[in-house]
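Novice: Data file target_24.cif (mmCIF, C-alpha atoms) is appended below.
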```
data_query
loop_
_atom_site.group_PDB
_atom_site.id
_atom_site.type_symbol
_atom_site.label_atom_id
_atom_site.label_comp_id
_atom_site.auth_asym_id
_atom_site.auth_seq_id
_atom_site.Cartn_x
_atom_site.Cartn_y
_atom_site.Cartn_z
ATOM 1 C CA MET A 14 18.697 -35.849 -12.415
ATOM 2 C CA THR A 15 15.805 -35.439 -10.041
ATOM 3 C CA THR A 16 13.645 -32.346 -9.795
ATOM 4 C CA LEU A 17 14.566 -29.857 -7.086
ATOM 5 C CA GLY A 18 11.700 -28.245 -5.234
ATOM 6 C CA ILE A 19 12.312 -25.095 -3.231
ATOM 7 C CA LEU A 20 9.680 -24.260 -0.628
ATOM 8 C CA LEU A 21 9.967 -20.605 0.356
ATOM 9 C CA GLU A 22 7.895 -19.774 3.423
ATOM 10 C CA SER A 23 9.854 -16.775 4.656
ATOM 11 C CA GLY A 24 9.533 -13.264 3.292
ATOM 12 C CA THR A 25 12.973 -12.105 4.409
ATOM 13 C CA HIS A 26 15.427 -10.878 1.834
ATOM 14 C CA ALA A 27 18.130 -13.337 2.915
ATOM 15 C CA ARG A 28 15.964 -16.430 2.510
ATOM 16 C CA ALA A 29 14.291 -15.271 -0.695
ATOM 17 C CA HIS A 30 17.676 -14.369 -2.173
ATOM 18 C CA TYR A 31 19.147 -17.732 -1.299
ATOM 19 C CA ALA A 32 16.109 -19.551 -2.687
ATOM 20 C CA LEU A 33 16.962 -17.944 -6.024
ATOM 21 C CA VAL A 34 20.677 -18.741 -5.627
ATOM 22 C CA VAL A 35 19.841 -22.424 -5.143
ATOM 23 C CA ALA A 36 17.271 -22.403 -7.958
ATOM 24 C CA ALA A 37 19.638 -20.745 -10.428
ATOM 25 C CA GLY A 38 22.502 -23.049 -9.489
ATOM 26 C CA ALA A 39 20.406 -26.182 -9.912
ATOM 27 C CA ALA A 40 18.948 -24.961 -13.212
ATOM 28 C CA ALA A 41 22.456 -24.102 -14.450
ATOM 29 C CA ILE A 42 23.522 -27.729 -14.070
ATOM 30 C CA GLY A 43 20.452 -28.949 -15.916
ATOM 31 C CA ARG A 44 18.063 -29.838 -13.108
ATOM 32 C CA ASP A 45 14.360 -29.158 -13.316
ATOM 33 C CA VAL A 46 13.507 -26.682 -10.574
ATOM 34 C CA VAL A 47 10.201 -25.636 -9.015
ATOM 35 C CA VAL A 48 10.015 -22.726 -6.562
ATOM 36 C CA PHE A 49 6.869 -22.798 -4.421
ATOM 37 C CA ALA A 50 6.434 -19.595 -2.446
ATOM 38 C CA THR A 51 3.889 -19.494 0.341
ATOM 39 C CA ASN A 52 2.863 -17.054 3.056
ATOM 40 C CA ARG A 53 5.273 -14.063 3.153
ATOM 41 C CA GLY A 54 7.543 -15.926 0.734
ATOM 42 C CA CYS A 55 5.073 -14.893 -1.984
ATOM 43 C CA LEU A 56 6.623 -11.412 -1.845
ATOM 44 C CA LEU A 57 9.501 -12.773 -3.924
ATOM 45 C CA LEU A 58 7.112 -13.340 -6.819
ATOM 46 C CA ALA A 59 5.439 -9.911 -6.676
ATOM 47 C CA GLU A 60 5.829 -7.402 -9.477
ATOM 48 C CA PRO A 61 7.382 -5.128 -8.498
ATOM 49 C CA CYS A 62 9.173 -7.194 -5.882
ATOM 50 C CA PRO A 63 9.284 -5.281 -2.570
ATOM 51 C CA LEU A 64 12.358 -7.270 -1.503
ATOM 52 C CA MET A 65 14.397 -5.393 -4.105
ATOM 53 C CA ASP A 66 13.997 -2.290 -1.911
ATOM 54 C CA ASP A 67 15.580 -4.036 1.081
ATOM 55 C CA PRO A 68 18.926 -2.414 2.051
ATOM 56 C CA ARG A 69 20.567 -5.829 1.768
ATOM 57 C CA GLU A 70 19.866 -5.849 -1.995
ATOM 58 C CA ALA A 71 22.061 -2.780 -2.559
ATOM 59 C CA ALA A 72 24.701 -4.054 -0.149
ATOM 60 C CA ILE A 73 25.167 -7.392 -1.890
ATOM 61 C CA ALA A 74 25.149 -5.738 -5.325
ATOM 62 C CA ALA A 75 27.922 -3.393 -4.143
ATOM 63 C CA ARG A 76 29.932 -6.493 -3.213
ATOM 64 C CA GLY A 77 29.511 -8.009 -6.672
ATOM 65 C CA VAL A 78 26.857 -10.567 -5.705
ATOM 66 C CA ALA A 79 23.853 -11.076 -7.974
ATOM 67 C CA GLY A 80 20.709 -9.734 -6.362
ATOM 68 C CA ILE A 81 17.084 -10.758 -6.506
ATOM 69 C CA ALA A 82 16.351 -8.948 -9.781
ATOM 70 C CA THR A 83 19.248 -10.616 -11.605
ATOM 71 C CA LEU A 84 18.635 -14.047 -10.130
ATOM 72 C CA ARG A 85 14.886 -14.006 -10.693
ATOM 73 C CA ALA A 86 15.401 -13.034 -14.353
ATOM 74 C CA ALA A 87 18.020 -15.789 -14.743
ATOM 75 C CA CYS A 88 15.702 -18.366 -13.185
ATOM 76 C CA ILE A 89 12.899 -17.404 -15.549
ATOM 77 C CA GLU A 90 15.269 -17.568 -18.519
ATOM 78 C CA MET A 91 16.455 -21.045 -17.477
ATOM 79 C CA GLY A 92 12.895 -22.343 -17.149
ATOM 80 C CA VAL A 93 12.521 -22.487 -13.369
ATOM 81 C CA ARG A 94 8.847 -22.973 -12.576
ATOM 82 C CA LEU A 95 7.573 -20.322 -10.157
ATOM 83 C CA ILE A 96 4.413 -21.012 -8.152
ATOM 84 C CA ALA A 97 2.721 -18.700 -5.666
ATOM 85 C CA CYS A 98 0.658 -20.650 -3.145
ATOM 86 C CA ASP A 99 -3.023 -19.817 -3.414
ATOM 87 C CA ALA A 100 -3.629 -20.447 0.294
ATOM 88 C CA GLY A 101 -0.483 -18.529 1.258
ATOM 89 C CA LEU A 102 -1.605 -15.494 -0.734
ATOM 90 C CA ARG A 103 -4.973 -15.594 1.012
ATOM 91 C CA ALA A 104 -3.486 -16.211 4.472
ATOM 92 C CA GLU A 105 -1.253 -13.137 4.176
ATOM 93 C CA GLU A 106 -3.925 -10.995 2.476
ATOM 94 C CA LEU A 107 -1.813 -10.739 -0.687
ATOM 95 C CA VAL A 108 -4.457 -11.960 -3.139
ATOM 96 C CA ASP A 109 -4.560 -8.640 -5.011
ATOM 97 C CA MET A 110 -0.764 -8.349 -5.221
ATOM 98 C CA PRO A 111 0.412 -8.290 -8.861
ATOM 99 C CA LEU A 112 2.715 -11.194 -9.678
ATOM 100 C CA ALA A 113 5.660 -11.358 -12.067
ATOM 101 C CA ALA A 114 5.030 -12.625 -15.578
ATOM 102 C CA GLY A 115 4.902 -16.399 -15.761
ATOM 103 C CA VAL A 116 4.157 -16.983 -12.070
ATOM 104 C CA GLU A 117 1.456 -19.593 -11.515
ATOM 105 C CA VAL A 118 -1.008 -19.520 -8.635
ATOM 106 C CA ALA A 119 -1.630 -23.044 -7.375
ATOM 107 C CA GLY A 120 -1.667 -25.181 -4.259
ATOM 108 C CA ILE A 121 0.623 -27.595 -2.504
ATOM 109 C CA VAL A 122 -0.700 -30.554 -4.503
ATOM 110 C CA THR A 123 0.528 -28.931 -7.714
ATOM 111 C CA PHE A 124 3.954 -28.421 -6.134
ATOM 112 C CA LEU A 125 4.146 -32.012 -4.921
ATOM 113 C CA GLN A 126 3.037 -33.362 -8.306
ATOM 114 C CA ALA A 127 5.688 -31.271 -10.061
ATOM 115 C CA LEU A 128 8.287 -32.488 -7.591
ATOM 116 C CA GLY A 129 7.499 -36.185 -7.919
ATOM 117 C CA ALA A 130 10.263 -38.142 -6.203
ATOM 118 C CA GLY A 131 12.607 -35.141 -6.270
ATOM 119 C CA GLN A 132 14.329 -33.286 -3.465
ATOM 120 C CA VAL A 133 12.947 -30.413 -1.380
ATOM 121 C CA VAL A 134 14.831 -27.501 0.150
ATOM 122 C CA THR A 135 12.864 -25.373 2.593
ATOM 123 C CA LEU A 136 13.767 -21.767 3.285
#
```
Could you write out this structure as structure tokens?
Specialist:
Amino acid sequence: MTTLGILLESGTHARAHYALVVAAGAAAIGRDVVVFATNRGCLLLAEPCPLMDDPREAAIAARGVAGIATLRAACIEMGVRLIACDAGLRAEELVDMPLAAGVEVAGIVTFLQALGAGQVVTL
């Protein structure tokens, strides 16, 4: 199977949540997955993650849907590679934001090298 690359540019809860849904699903069927978060998308990789305070997080949990905390932990457990874009962190003035354990800070070249001839989903 080819590697799946997920490019997360948006910092909205809905897009960040679905990036993790796609990542977890692909990892669950044995695909290598790389999530590359840039610009406001880097918020997903913060520790603590401010998106977990979004009202949508509680709403989806109340409906029995896995939220960001559960999905991010599952992705880490399944070996999904998480990369915060160096330029995106600087562009959004997030350089000093603490990142979750295991998150790499790298650039687009690193993402593209990890992806190889794989597929890209952009959110």
Novice: Skipping near chain neighbours, those fewer than 3 positions away, what residues fall within 12 Å of Arg94 in chain A using all atoms listed in the file, listed as a PyMOL selection string?
Specialist: chain A and resi 16-19+33+36-37+40+44-50+58+85+87-91+97+114-119+123-124+127-128
Novice: Convert the output of the PyMOL selection byres ((chain A and resi 134) around 9) on the shown file into explicit residues, formatted as a ChimeraX atom specification.
Specialist: /A:17-21,32,35,132-133,135-136
Novice: Could those residues be written to a file, using C-alpha atoms, as a CSV table (one decimal), keeping the file's coordinate frame?
Specialist:
```csv
chain,number,residue,atom,x,y,z
A,17,LEU,CA,14.6,-29.9,-7.1
A,18,GLY,CA,11.7,-28.2,-5.2
A,19,ILE,CA,12.3,-25.1,-3.2
A,20,LEU,CA,9.7,-24.3,-0.6
A,21,LEU,CA,10.0,-20.6,0.4
A,32,ALA,CA,16.1,-19.6,-2.7
A,35,VAL,CA,19.8,-22.4,-5.1
A,132,GLN,CA,14.3,-33.3,-3.5
A,133,VAL,CA,12.9,-30.4,-1.4
A,135,THR,CA,12.9,-25.4,2.6
A,136,LEU,CA,13.8,-21.8,3.3
```
Novice: Edge lengths and centre, in Å to one decimal, as lines of an AutoDock Vina configuration file: that's what I need for the box along x, y and z that holds all listed atoms of range 27-40 of chain A plus 5 Å on each side.
Specialist:
```
center_x = 18.4
center_y = -19.8
center_z = -5.1
size_x = 18.2
size_y = 22.8
size_z = 26.1
```
Novice: Please, what distance in Å, to one decimal, runs between CA of Leu102 in chain A and CA of Cys55 in chain A?
Specialist: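 That distance, rounded to one decimal, is 6.8 Å.
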Novice: Given all atoms listed in the file as the basis, pick out the residue of A:Leu84, A:Ala79, A:Leu125, A:Cys98 nearest to Gly54 in chain A.
Specialist: A:Cys98
Novice: Restricting the calculation to only C-alpha atoms: of A:Ala59, A:Ile96, A:Ala29, A:Val34, which residue gets closest to Leu112 in chain A?
Specialist: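 Of all the options, A:Ala59 lies closest to Leu112 in chain A.
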Novice: Work out how far CA of Gly38 in chain A is from CA of Ala72 in chain A, in Å to one decimal.
Specialist: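 Interatomic distance here is 21.3 Å.
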Novice: Taking into account all atoms listed in the file, which residue in the set A:Ile73, A:Ala41, A:Met14, A:Leu56 is nearest to Glu105 in chain A?
Specialist: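 Checking each of A:Ile73, A:Ala41, A:Met14, A:Leu56 against Glu105 in chain A, counting all atoms listed in the file, the winner is A:Leu56.
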Novice: Can you work out which one of A:Ala130, A:Leu57, A:Leu95, A:Ile81 has the shortest atom-to-atom distance to Met110 in chain A, counting all atoms listed in the file?
Specialist: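 For Met110 in chain A, the nearest of the given residues is A:Leu57.
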Novice: Interatomic distance between CA of Ala113 in chain A and CA of Ile42 in chain A?
Specialist: 24.3 Å
Novice: Report as a tab-separated table (two decimals) with C-alpha atoms, in the frame of the given file the full result of the PyMOL selection byres ((chain A and resi 66) around 12) when it is applied to this structure.
Specialist:
```tsv
chain	number	residue	atom	x	y	z
A	25	THR	CA	12.97	-12.10	4.41
A	26	HIS	CA	15.43	-10.88	1.83
A	56	LEU	CA	6.62	-11.41	-1.84
A	57	LEU	CA	9.50	-12.77	-3.92
A	61	PRO	CA	7.38	-5.13	-8.50
A	62	CYS	CA	9.17	-7.19	-5.88
A	63	PRO	CA	9.28	-5.28	-2.57
A	64	LEU	CA	12.36	-7.27	-1.50
A	65	MET	CA	14.40	-5.39	-4.11
A	67	ASP	CA	15.58	-4.04	1.08
A	68	PRO	CA	18.93	-2.41	2.05
A	69	ARG	CA	20.57	-5.83	1.77
A	70	GLU	CA	19.87	-5.85	-2.00
A	71	ALA	CA	22.06	-2.78	-2.56
A	72	ALA	CA	24.70	-4.05	-0.15
A	80	GLY	CA	20.71	-9.73	-6.36
A	81	ILE	CA	17.08	-10.76	-6.51
A	82	ALA	CA	16.35	-8.95	-9.78
```
Novice: Would you please work out which residue, of A:Ser23, A:Asn52, A:Thr15, A:Thr83, is nearest to Leu107 in chain A when using only C-alpha atoms?
Specialist: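 Among A:Ser23, A:Asn52, A:Thr15, A:Thr83, it is A:Asn52 that comes nearest to Leu107 in chain A.
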Novice: Smallest atom-to-atom distance to Gly92 in chain A: which of A:Ala27, A:Val78, A:Val122, A:Ala39, using all atoms listed in the file?
Specialist: A:Ala39
